[in-house]
Amino acid sequence: MSLNREVINVDCETVFNTLYDAVIVGTGVAGAIVAKELSQQGKRVLILEATVEKDFTLAGFQSYVETFYGAVEKNPNSPYPTNPNVQSPTNYQDYFVEQGPMTLSGSYTRVLGGTTLHWEAKTPRMLREDFKLYKTYGQGLDWPISYDDIEPYYRKAEYELGVCGDVDEQKKLGVEFAPGYVFPMKKLPPSYLDQKVSEKVEGTQVKLYDQDYTIRFSTFPQARNGEPNPDYDHGNGFVPHGVTTVHPVQYGERCQGNANCVPICPVQAKYDARRTLGKAFETGRVHVLYQAVAYKVEHNSENGHVTAIHYKHYKNQNSGEYTIGTARGTLYVLATNAIENARLLLGSELLNTSGMIGRHLMDHPFTLAWALMPEVTGTMRGPLVTSGIGTFRKGKFRRNQSAFAVDIHNDGWGWATGSPKGELEDAVDNKHKYGQELRQTLISRVSRQLLLAFMCELLPEYSNRVTIDPNYKDKLGNYRPVINFNLPDYSRRTLAYTRKVSRVIFERLGAEDFTHYDSRDPAYFVFENEGYVYKGGNHFSGTHIMGTTNKNSVVDTYLRCWDHQNLFLVGAGSMPTIGSSNTTLTIAALSFRVAEEMLRELNSISPNLQPATLPAR
Amino acid sequence: MTTIANDLRLIKTVDNLKNYLIAAMKIEHATIPPYMTALYSIKPGTNLEAFHIIRGVAVEEMLHLTLVANVYNAVGGTFEPNTALLAPDFIPKYPSYLPTGSTDFQVGLGKFSQETVETFRKIERSQHVKEDEPLVASRALEEYLFDIIGYQPNRSFYTIGLFYTEIIRGLFALDKEYQQKGENLFCGDPKRQITPEYYYNGGGDIIPVTDIDSAIRALTVIQEQGEGSTNDRIFDAERELAHDYRFQQILLGQYYVIDKDDPTTKSDQPNQPTGKHFTVDWDSVYPIKENAALSDYPDGSEVRQAALDFQSAYSEFLTKIQYSFDGHPEHLIPAVGGMFRLKEQANTLMRNPIPGTPGVNAAPIFRIDQPSLS
């Protein structure tokens, strides 16, 4: 339990009258980490948050849980209130303007804590070869930094997020660790369903470009409270965190397997950025301005320095009325997601020497395959995913087609079919079941469900991009993201290949294959005469990639804008490739690295001046 | 503390000590049924703040029970069948005086109410004693639940904290005695210790006990979390709000504020919280039968069966906890998982009226199933 000082919510006037060390846009994991690192070192930080203040209290969080329980359609944003001024995309055309030829779709959440409020919390590291894909396989782009450069920050990120996992399992998949390293917490145990699947499938050989690959199962590192590992930190162990709210109730239990990690963990076992924000707020050096939507980054045309961030401050989320305000600091950080960052950069008419702002938009497209197991396997027990297949994350096939990782879903067919809603309707409306019989029908139908999800790498394509168009604006008059998106054959080949893999697995299991892809689905495509549907992975990245020069990239290795030296673009937008790793852990690692660089710079500007005591402007 | 004259000590042998520790487990557990009953009587989704405050304290009582078991195992304690957590008198018959022997108030199983929360405050009350005085206060009362081993049965401890102070004194003295003899008081198998990976909540305060230092640390956690505040402060040694004041927040509908950097001068004063207000809806509570007994439920009624089911589940819960303490630490997590079922079963009871007594709902019964006589 921890008692915090009052969060310092400020008004527009205070913001106008204060010169901050850093102005940060966004309270997701990236903004939270930078805010925490800077404020803990004595720097004064302002965070501009687009949404209303609500979510940091126990009652606020509980209202999300209740809303989710009551929602008929359980989608990633169903716990969160709609805010017409600050839309969170959920469907194809509700916020994104999709111009094709394929659809990006997917969702993110614009609330305090950002999309960590709905993320699944898988935290695999990227592989060494993911950082030099072009050099190794002639595909995609190389990062300007290596795995060794980022490795120490992966450790920091794993501490901050509270990762549970098994280092030995990860090593077998090709992930490298410092000697003697263990994750803060032990791995989450494989679910019963995992065990039933791996019993029959482990060791199965499949061919891919004349190479044999052996299917092996392993657990995923995840940022949710499990059993602390006593060997962590050279035997000092790890204390799991709860979410510290402004009220003196710290709440964060061990994972109980509620199976609705996406979108919300009712016992707060899952990490979300509010934990890190809490630490930042405790310093007393962080100001937060809510209901402030950044719309223009202003710069000095002579030296390129950013001079202000302008925002629209709305009083009421149901009214498009707003006032305009200005925030100033020494350094500026855009820490929204890749799509929002790009939209804001483009709308600000900043310099764009490389011409790459908004380009190289990436995501992880998924294919799904679903079947009924021959016996009841306890589906719906456990967190969303505990185990999967990491065999196809690396290998020579990456010359020809993308890497992929496989999840065994503990939550049944929901993602593919909307189950168990359909099963319930069928049992009640069509089969007229009730009472004990209804329960049995549902158990035999739902508890045998197996869903495999194949997460495929998508390379940075120049033409996959976010743009803006004056014809498409939101209620506050801000640009909506206009999306051009296509799936290259490099990824389609893998998406198609995954269907072969799922057929082999289902056959081994004696599971009845129910997979079908609807040709009316906007994400339907045909590859070598067979049709498939992909799902967006919500891992938006790559719209302001890092590189070695201002010609081949938007930011340098410290995510500093080449064209605007006091502007940092933090988040997955800076990642040149994303491999087959969920992006959040790498975002967190990069955020720690950026914060170090910012501290170096702030300390060199005014080494003797305590910024906390800087007079008001 | 080790300078205390020996004749003021109550714990003089390791068997005394073990008996005290078993009594300590009894004390720690004795508050769990009252807390659980109040907690589950709150209608789901209402009184969130109060719910979490009570829940937080109940979780710490579970932690304390575990810490005592660690000390008990460390000094070579064992769990025989039908003893300790499974002894017939392990669970008090509510309403009951606390097993410390204090007799100025009784603790019962009641719904969430102002009166109940007042009682919770009393449980956590703090009282100090000078080092050169024995930790018993004279009283003349036949009604007591805990025999102070080998000592005047007409005396009782005033608070839980004082009871632990006595154990700590005994531990210091016994440890010194053993060392002088060239023996080790802490002869238990370290593998029997419950380690921090078996924490209950966000915090990880479980301390494995292997020597005098860790034993004192473990018992100090209990003392400090239970009462914690000294010199009229609201916070304990860890700068956390003391239990007494946590409960008081519910009565006042307002949070206390503790300044972690400068707790002494910048924190709130007792009885004067300055934190955020919150709403307490005393009516959003199931009207449950106070101190329910099996005889309150008509023969053959569904609530009677549900009450019996709860009783069995609770017995099983304690059985599994004891099993994990008895050298099977890896079984603690699944055992605690049993609390989900208890909550479900308690709610089933509380949602339903007792046949024949309109307006009074059923409530769980906390007894240990007795093996049927055959």
# chains A, B, ... in the order shown; residues from 1 in each chain; ligands from 1
call {"tool": "residues_around", "arguments": {"residues": "stretch 117-133 of chain A", "least_positions_apart": "4", "cutoff": "8 Å", "atoms": "only C-alpha atoms", "output": "ChimeraX atom specification"}}
result
/A:76-77,108-109,111,113,137-143,145-147,154,163,174-176,220-224,261-264,270-273,384,394,577-586
call {"tool": "write_last_selection", "arguments": {"atoms": "C-alpha atoms", "output": "mmCIF file, in the first residue's frame"}}
result
data_model
loop_
_atom_site.group_PDB
_atom_site.id
_atom_site.type_symbol
_atom_site.label_atom_id
_atom_site.label_comp_id
_atom_site.auth_asym_id
_atom_site.auth_seq_id
_atom_site.Cartn_x
_atom_site.Cartn_y
_atom_site.Cartn_z
ATOM 1 C CA PRO A 76 -10.394 -4.372 -27.109
ATOM 2 C CA ASN A 77 -12.074 -1.045 -26.420
ATOM 3 C CA TYR A 108 -5.662 1.322 -29.908
ATOM 4 C CA THR A 109 -6.936 2.944 -26.763
ATOM 5 C CA VAL A 111 -7.109 6.656 -22.209
ATOM 6 C CA GLY A 113 -2.074 4.585 -19.709
ATOM 7 C CA TYR A 137 18.659 -12.046 -45.365
ATOM 8 C CA GLY A 138 18.530 -9.167 -47.846
ATOM 9 C CA GLN A 139 15.075 -8.167 -46.622
ATOM 10 C CA GLY A 140 13.646 -5.132 -44.879
ATOM 11 C CA LEU A 141 15.966 -2.693 -43.149
ATOM 12 C CA ASP A 142 18.761 -2.855 -40.603
ATOM 13 C CA TRP A 143 18.562 -1.056 -37.307
ATOM 14 C CA ILE A 145 21.865 -0.175 -33.309
ATOM 15 C CA SER A 146 22.517 -3.808 -32.473
ATOM 16 C CA TYR A 147 21.014 -6.221 -30.007
ATOM 17 C CA TYR A 154 15.583 -4.846 -22.164
ATOM 18 C CA VAL A 163 8.015 -9.814 -16.594
ATOM 19 C CA GLY A 174 17.642 -17.912 -29.974
ATOM 20 C CA VAL A 175 17.141 -15.020 -27.548
ATOM 21 C CA GLU A 176 20.352 -13.914 -25.870
ATOM 22 C CA PHE A 220 5.785 -16.612 -23.482
ATOM 23 C CA PRO A 221 7.410 -14.018 -21.272
ATOM 24 C CA GLN A 222 4.551 -11.836 -20.057
ATOM 25 C CA ALA A 223 4.167 -8.703 -17.973
ATOM 26 C CA ARG A 224 1.756 -10.006 -15.376
ATOM 27 C CA CYS A 261 -6.438 -10.102 -20.323
ATOM 28 C CA VAL A 262 -7.444 -8.266 -23.469
ATOM 29 C CA PRO A 263 -8.949 -5.854 -22.804
ATOM 30 C CA ILE A 264 -8.867 -5.723 -19.010
ATOM 31 C CA LYS A 270 -1.409 -7.280 -15.845
ATOM 32 C CA TYR A 271 1.036 -4.417 -16.109
ATOM 33 C CA ASP A 272 -0.289 -1.205 -17.468
ATOM 34 C CA ALA A 273 1.406 2.168 -17.710
ATOM 35 C CA LEU A 384 -5.188 -15.366 -22.788
ATOM 36 C CA LYS A 394 14.286 -17.370 -37.139
ATOM 37 C CA THR A 577 11.626 -3.635 -38.232
ATOM 38 C CA ILE A 578 9.625 -5.523 -35.616
ATOM 39 C CA GLY A 579 10.506 -9.181 -36.211
ATOM 40 C CA SER A 580 8.060 -11.585 -34.629
ATOM 41 C CA SER A 581 8.054 -9.855 -31.248
ATOM 42 C CA ASN A 582 5.146 -7.987 -29.743
ATOM 43 C CA THR A 583 6.359 -4.418 -29.691
ATOM 44 C CA THR A 584 5.772 -3.102 -26.165
ATOM 45 C CA LEU A 585 8.867 -4.500 -24.463
ATOM 46 C CA THR A 586 11.071 -3.014 -27.156
#
call {"tool": "residues_around", "arguments": {"residues": "B:Ile168", "least_positions_apart": "5", "cutoff": "9 Å", "atoms": "only C-alpha atoms", "output": "list in words"}}
result
Met1, Phe163, Ala173, Ala215, Ile216, Leu219 and Thr220 of chain B
call {"tool": "write_last_selection", "arguments": {"atoms": "N, CA and C atoms", "output": "PDB file, in the first residue's frame"}}
result
ATOM      1  N   MET B   1      16.199  -5.652  24.939  1.00  0.00           N
ATOM      2  CA  MET B   1      15.113  -6.544  25.329  1.00  0.00           C
ATOM      3  C   MET B   1      15.617  -7.774  26.064  1.00  0.00           C
ATOM      4  N   PHE B 163       1.071  -9.438  22.839  1.00  0.00           N
ATOM      5  CA  PHE B 163       1.259 -10.875  22.806  1.00  0.00           C
ATOM      6  C   PHE B 163       2.531 -11.231  22.026  1.00  0.00           C
ATOM      7  N   ALA B 173      15.554 -14.758  24.593  1.00  0.00           N
ATOM      8  CA  ALA B 173      16.111 -15.431  25.764  1.00  0.00           C
ATOM      9  C   ALA B 173      16.455 -16.888  25.441  1.00  0.00           C
ATOM     10  N   ALA B 215      13.590 -14.360  12.409  1.00  0.00           N
ATOM     11  CA  ALA B 215      12.406 -14.608  13.239  1.00  0.00           C
ATOM     12  C   ALA B 215      11.857 -13.283  13.771  1.00  0.00           C
ATOM     13  N   ILE B 216      12.753 -12.439  14.251  1.00  0.00           N
ATOM     14  CA  ILE B 216      12.309 -11.155  14.798  1.00  0.00           C
ATOM     15  C   ILE B 216      11.736 -10.285  13.681  1.00  0.00           C
ATOM     16  N   LEU B 219       8.201 -11.467  12.955  1.00  0.00           N
ATOM     17  CA  LEU B 219       7.217 -11.107  13.986  1.00  0.00           C
ATOM     18  C   LEU B 219       7.014  -9.600  14.056  1.00  0.00           C
ATOM     19  N   THR B 220       8.072  -8.871  13.724  1.00  0.00           N
ATOM     20  CA  THR B 220       7.940  -7.417  13.734  1.00  0.00           C
ATOM     21  C   THR B 220       6.984  -6.947  12.637  1.00  0.00           C
TER      22      THR B 220
END
call {"tool": "closest_residue", "arguments": {"among": "B:Pro355, B:Gly337, B:Pro329, B:Leu349", "to": "B:Gly300", "atoms": "only C-alpha atoms"}}
result
B:Pro355
call {"tool": "residues_around", "arguments": {"residues": "stretch 204-212 of chain B", "least_positions_apart": "3", "cutoff": "6 Å", "atoms": "only C-alpha atoms", "output": "PyMOL selection string"}}
result
(chain A and resi 239) or (chain B and resi 70-71+74+186+193+195-196+199+215+218)
call {"tool": "closest_residue", "arguments": {"among": "A:Pro84, A:Pro383, A:Gly114, A:Pro481", "to": "A:Leu345", "atoms": "only C-alpha atoms"}}
result
A:Pro481
call {"tool": "select_by_dssp", "arguments": {"residues": "stretch 361-599 of chain A", "states": "alpha helix (DSSP H)", "output": "PyMOL selection string"}}
result
chain A and resi 414-417+421-425+435-446+489-509+584-599
call {"tool": "closest_residue", "arguments": {"among": "A:Lys200, A:His241, A:Lys74, A:Arg155", "to": "chain B", "atoms": "only C-alpha atoms"}}
result
A:His241
call {"tool": "closest_residue", "arguments": {"among": "B:Val303, B:Gln225, B:Ile321, B:Pro287", "to": "B:Pro358", "atoms": "only C-alpha atoms"}}
result
B:Pro287
call {"tool": "select_by_dssp", "arguments": {"residues": "stretch 268-382 of chain A", "states": "strand (DSSP E)", "output": "PyMOL selection string"}}
result
chain A and resi 286-289+292-299+306-314+322-334+366-372
call {"tool": "atom_distance", "arguments": {"atom1": "atom CA of A:Gly536", "atom2": "atom CA of A:Thr386"}}
result
20.6 Å
call {"tool": "closest_residue", "arguments": {"among": "A:Ala588, A:Ala342, A:Val333, A:Cys255", "to": "chain B", "atoms": "only C-alpha atoms"}}
result
A:Cys255
call {"tool": "residues_around", "arguments": {"residues": "B:Pro44", "least_positions_apart": "2", "cutoff": "12 Å", "atoms": "only C-alpha atoms", "output": "list in words"}}
result
Gln62 and Glu66 of chain A; Leu39, Tyr40, Ser41, Ile42, Thr46, Asn47, Leu48, Ala50, Phe51, His52, Ser284, Val285, Tyr286, Lys343, Glu344, Asn347, Met350 and Arg351 of chain B
call {"tool": "write_last_selection", "arguments": {"atoms": "N, CA and C atoms", "output": "mmCIF file, in the first residue's frame"}}
result
data_model
loop_
_atom_site.group_PDB
_atom_site.id
_atom_site.type_symbol
_atom_site.label_atom_id
_atom_site.label_comp_id
_atom_site.auth_asym_id
_atom_site.auth_seq_id
_atom_site.Cartn_x
_atom_site.Cartn_y
_atom_site.Cartn_z
ATOM 1 N N GLN A 62 -12.612 0.206 -11.725
ATOM 2 C CA GLN A 62 -13.701 -0.757 -11.547
ATOM 3 C C GLN A 62 -14.834 -0.471 -12.533
ATOM 4 N N GLU A 66 -16.666 -3.116 -14.971
ATOM 5 C CA GLU A 66 -18.117 -3.320 -15.037
ATOM 6 C C GLU A 66 -18.638 -3.081 -16.456
ATOM 7 N N LEU B 39 -16.845 -8.492 4.511
ATOM 8 C CA LEU B 39 -16.436 -8.237 3.130
ATOM 9 C C LEU B 39 -17.470 -8.766 2.138
ATOM 10 N N TYR B 40 -17.871 -9.999 2.332
ATOM 11 C CA TYR B 40 -18.757 -10.620 1.354
ATOM 12 C C TYR B 40 -20.207 -10.180 1.530
ATOM 13 N N SER B 41 -20.500 -9.513 2.658
ATOM 14 C CA SER B 41 -21.869 -9.029 2.818
ATOM 15 C C SER B 41 -22.098 -7.753 2.012
ATOM 16 N N ILE B 42 -21.021 -7.135 1.569
ATOM 17 C CA ILE B 42 -21.152 -5.933 0.737
ATOM 18 C C ILE B 42 -21.670 -6.351 -0.630
ATOM 19 N N THR B 46 -20.468 -2.396 -5.074
ATOM 20 C CA THR B 46 -20.697 -1.191 -4.275
ATOM 21 C C THR B 46 -19.608 -1.082 -3.200
ATOM 22 N N ASN B 47 -19.534 0.060 -2.567
ATOM 23 C CA ASN B 47 -18.579 0.275 -1.473
ATOM 24 C C ASN B 47 -17.169 -0.194 -1.812
ATOM 25 N N LEU B 48 -16.739 0.161 -3.025
ATOM 26 C CA LEU B 48 -15.439 -0.313 -3.514
ATOM 27 C C LEU B 48 -14.299 0.007 -2.565
ATOM 28 N N ALA B 50 -14.309 0.779 0.679
ATOM 29 C CA ALA B 50 -14.386 0.017 1.928
ATOM 30 C C ALA B 50 -14.013 -1.439 1.675
ATOM 31 N N PHE B 51 -14.514 -1.981 0.576
ATOM 32 C CA PHE B 51 -14.221 -3.375 0.236
ATOM 33 C C PHE B 51 -12.713 -3.601 0.168
ATOM 34 N N HIS B 52 -12.042 -2.707 -0.530
ATOM 35 C CA HIS B 52 -10.598 -2.904 -0.700
ATOM 36 C C HIS B 52 -9.826 -2.658 0.591
ATOM 37 N N SER B 284 -26.077 -0.770 1.205
ATOM 38 C CA SER B 284 -25.822 -1.662 0.076
ATOM 39 C C SER B 284 -25.159 -2.941 0.588
ATOM 40 N N VAL B 285 -25.854 -3.588 1.481
ATOM 41 C CA VAL B 285 -25.286 -4.711 2.225
ATOM 42 C C VAL B 285 -26.380 -5.773 2.371
ATOM 43 N N TYR B 286 -26.021 -7.023 2.251
ATOM 44 C CA TYR B 286 -27.011 -8.082 2.476
ATOM 45 C C TYR B 286 -27.347 -8.164 3.968
ATOM 46 N N LYS B 343 -15.636 -17.594 -1.611
ATOM 47 C CA LYS B 343 -16.328 -16.342 -1.890
ATOM 48 C C LYS B 343 -17.645 -16.627 -2.611
ATOM 49 N N GLU B 344 -17.555 -17.493 -3.603
ATOM 50 C CA GLU B 344 -18.732 -17.855 -4.379
ATOM 51 C C GLU B 344 -19.807 -18.455 -3.466
ATOM 52 N N ASN B 347 -21.322 -15.927 -1.085
ATOM 53 C CA ASN B 347 -22.288 -15.073 -1.779
ATOM 54 C C ASN B 347 -23.606 -15.787 -2.013
ATOM 55 N N MET B 350 -25.478 -15.563 1.200
ATOM 56 C CA MET B 350 -25.891 -14.217 1.611
ATOM 57 C C MET B 350 -26.979 -13.632 0.718
ATOM 58 N N ARG B 351 -27.075 -14.118 -0.491
ATOM 59 C CA ARG B 351 -28.111 -13.596 -1.392
ATOM 60 C C ARG B 351 -29.494 -14.144 -1.043
#
call {"tool": "residues_around", "arguments": {"residues": "A:Thr557", "least_positions_apart": "6", "cutoff": "7 Å", "atoms": "only C-alpha atoms", "output": "PyMOL selection string"}}
result
chain A and resi 144-145+546-547
